[in-house]
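Novice: Got a structure for you, written out below as structure tokens; questions coming shortly.
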Amino acid sequence: MFNKRTKIKALMALEPSEQTITVMGWVRSFRNNQFIALNDGSTNNNLQVVVALGLLDDATLRRITTGASLKVIGELVPSLGKGQKLELKATSLEVLGDSDAEKYPLQPKKHSLEFLREIAHLRFRTNTFGSVFRLRHSLAFAVHQFFNEKGFIYLHTPIITSSDAEGAGEMFRVTTLPFDATPRNDNNSINFKEDFFGKSTNLTVSGQLEGELGAMAFSEIYTFGPTFRAENSNTARHLAEFWMIEPEMAFHDIEDNMNLAEEFIQYLIRYAMAHNMEDLEFLDARLAEEEKQKPQNERAEMGLIEKLKLVVDNQFERITYTEAIQILLDSPHYKKKKFKYDVSWGIDMQSEHERYLVEKHFKKPVIVTGYPAAIKAFYMRLNDGCEPGKETVAAMDILAPGIGEIVGGSQREERLEKLEARMTAMHIPLEEMSWYLDTRRFGSVPHAGFGLGFERMVQFVTGMTNIRDVIAFARTPKNCEF
RNA sequence: UCCUCCUUAGCUCAGUUGGUUAGAGCAUCUGACUGUUAAUCAGAGGGUCGUCUGUUCAAGUCAGACAGGGGGAGCCA
């Protein structure tokens, strides 16, 4: 019975007719005891339901409040009013679920994003979050479609891991040991042999190392799943629980890796523009409104859709780390001593440096390659022919305007001796990583991969400035509601 | 973790050099109106001023601690 309803998005595309249509949704507003703005989440456009005077008794009318759910049967007719083409002339109306107007927190007015974060379970019912989460869905779907079209295998890497060698960040411990009576060894250290897995385990910070195992058999794989970092990061672009996409490709070098990452990002944006233009237009207008509140010199130079078009229509700028440092050193900004942190070859670039390159110098996404080995992870491939003391690795970061690092990747070190030497130098126990080193012992091949923070991608496409507003229920330090 | 700003009605905010009964708009409720579009008009209710401790005859206002939030930084995706 229920599935006979018509979704409002589909209904909006229909021609008015005498045919009887059933809709269901939630009341956004009820004006004049006659006009209901009904929304079912399929689109931000509300359906105007018209209740003729006398159709309903007073008791039922009083139950049509903001947030209440309704089943309405009626005829789709051309609207007499000016705000919409179509409206549903109700012939019967049933309140499925009441919503106490005195207690329902959402009102037909603007709410602050901070307030909506506190009622994250209801914020999906607002236009902004409706658009954001429909886009998030589309982007997730596009991720799978992109890799599927290319013949990549979707590999599910583990959430619970005993490997703690990625060095990507602080980890969340997973244990069933009692807090008040932890079993101890003779030297008073915790005896993890008593723990559920018989060893110390954590939530994963990255599926990359396991992903490499898959690439060594399937040629090309990708992972797309939650990752966890217990860093005490309190910023608008960090979460303790976030989703990451990590493709890993055999027979790819750093150049192939960059090409794929660029093509991937452009594909996702194109997909969103092709399938969610209405939502993008809403967010574009929302952002423009927000920009107006800011002082002139802080306003973004481009609108949301304009920015997305620019990224899709232009190649990303590609420069080496060495060139990036030179650009910074030559910049008027540097000469006027406007950087807080000094610039020299070998530094790990600060946000201000990356922002300068992306937002001031190139004004589009930038791929930086060839970072100093000293500031990068053990698995990145050492470049050949480096000046001693200036060793670099085949790493690449994609920096996006407004977001910063959106992709981090590298060609992996496939040469066993070089990898072992690097791991030893970085105090990574070889025995524990034996399974990883097996890939280099048995049929090692040049391979590469990257990680893309899904929420940062959603931020980039939606223009939402706080990452907490692009994930349904944000996990951040001191905050784990719902 | 550091710097900085903020916390007053359901929401968004105002609140003067510390002073007696803390205000507005929206929302809610009551009534009017009935083709509205953030409907309109009239009226009403709604407050432990984040928490604690101090200073003072007197604290929303000053000081300290704590908690929560925003922005920035670090760490990173």
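Letters A, B, ... go to the chains of the structure tokens in the order shown; residues in each chain start at 1; ligands are counted from 1 in the same order.
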So that I can see what lies close to A:Val461, please list as number ranges by chain the residues with an atom at most 8 Å from it, counting only C-alpha atoms (C1' of nucleotides) and leaving out residues fewer than 6 positions away in the same chain.

Specialist: A: 269, 304, 308

Novice: Applying 9 Å and only C-alpha atoms (C1' of nucleotides), which residues near stretch 8-18 of chain B remain after dropping the ones on its own chain fewer than 3 positions away? List them as a VMD selection string.

Specialist: (chain A and resid 102 to 107 109 to 112 115) or (chain B and resid 22 to 28 46 to 47 49 58 to 62)

Novice: Hey, list the chain B side of the contact with chain A: 10 Å cut-off, only C-alpha atoms (C1' of nucleotides), answer as a ChimeraX atom specification.

Specialist: /B:1,10-12,26-29,33-40,68-77

Novice: Mind listing the helix (DSSP H, G or I) residues of stretch 66-146 of chain A, per DSSP on the backbone, as a PyMOL selection string?

Specialist: chain A and resi 113-118+123-125+127-146

Novice: Pull the closest atom pair for each residue of stretch 214-302 of chain A that gets at most 12 Å from stretch 412-425 of chain A, along with the distance in Å to one decimal, counting only C-alpha atoms, ordering rows by chain and then ascending residue number, as CSV.

Specialist:
residue,atom,partner,partner_atom,distance
A:Ala215,CA,A:Arg412,CA,11.7
A:Met216,CA,A:Glu414,CA,11.0
A:Glu248,CA,A:Arg412,CA,9.6
A:Met249,CA,A:Arg412,CA,9.9
A:Ala250,CA,A:Arg412,CA,9.7
A:Phe251,CA,A:Glu414,CA,10.8
A:His252,CA,A:Arg412,CA,9.6
A:Asp253,CA,A:Arg412,CA,8.5
A:Ile254,CA,A:Arg412,CA,8.8
A:Asn257,CA,A:Arg412,CA,10.7

Novice: Which parts of stretch 156-278 of chain A does DSSP call strand (DSSP E or B) when run on the backbone here, written out as number ranges by chain?

Specialist: A: 160-161, 173-174, 184, 190, 201-203, 220-228, 241-250
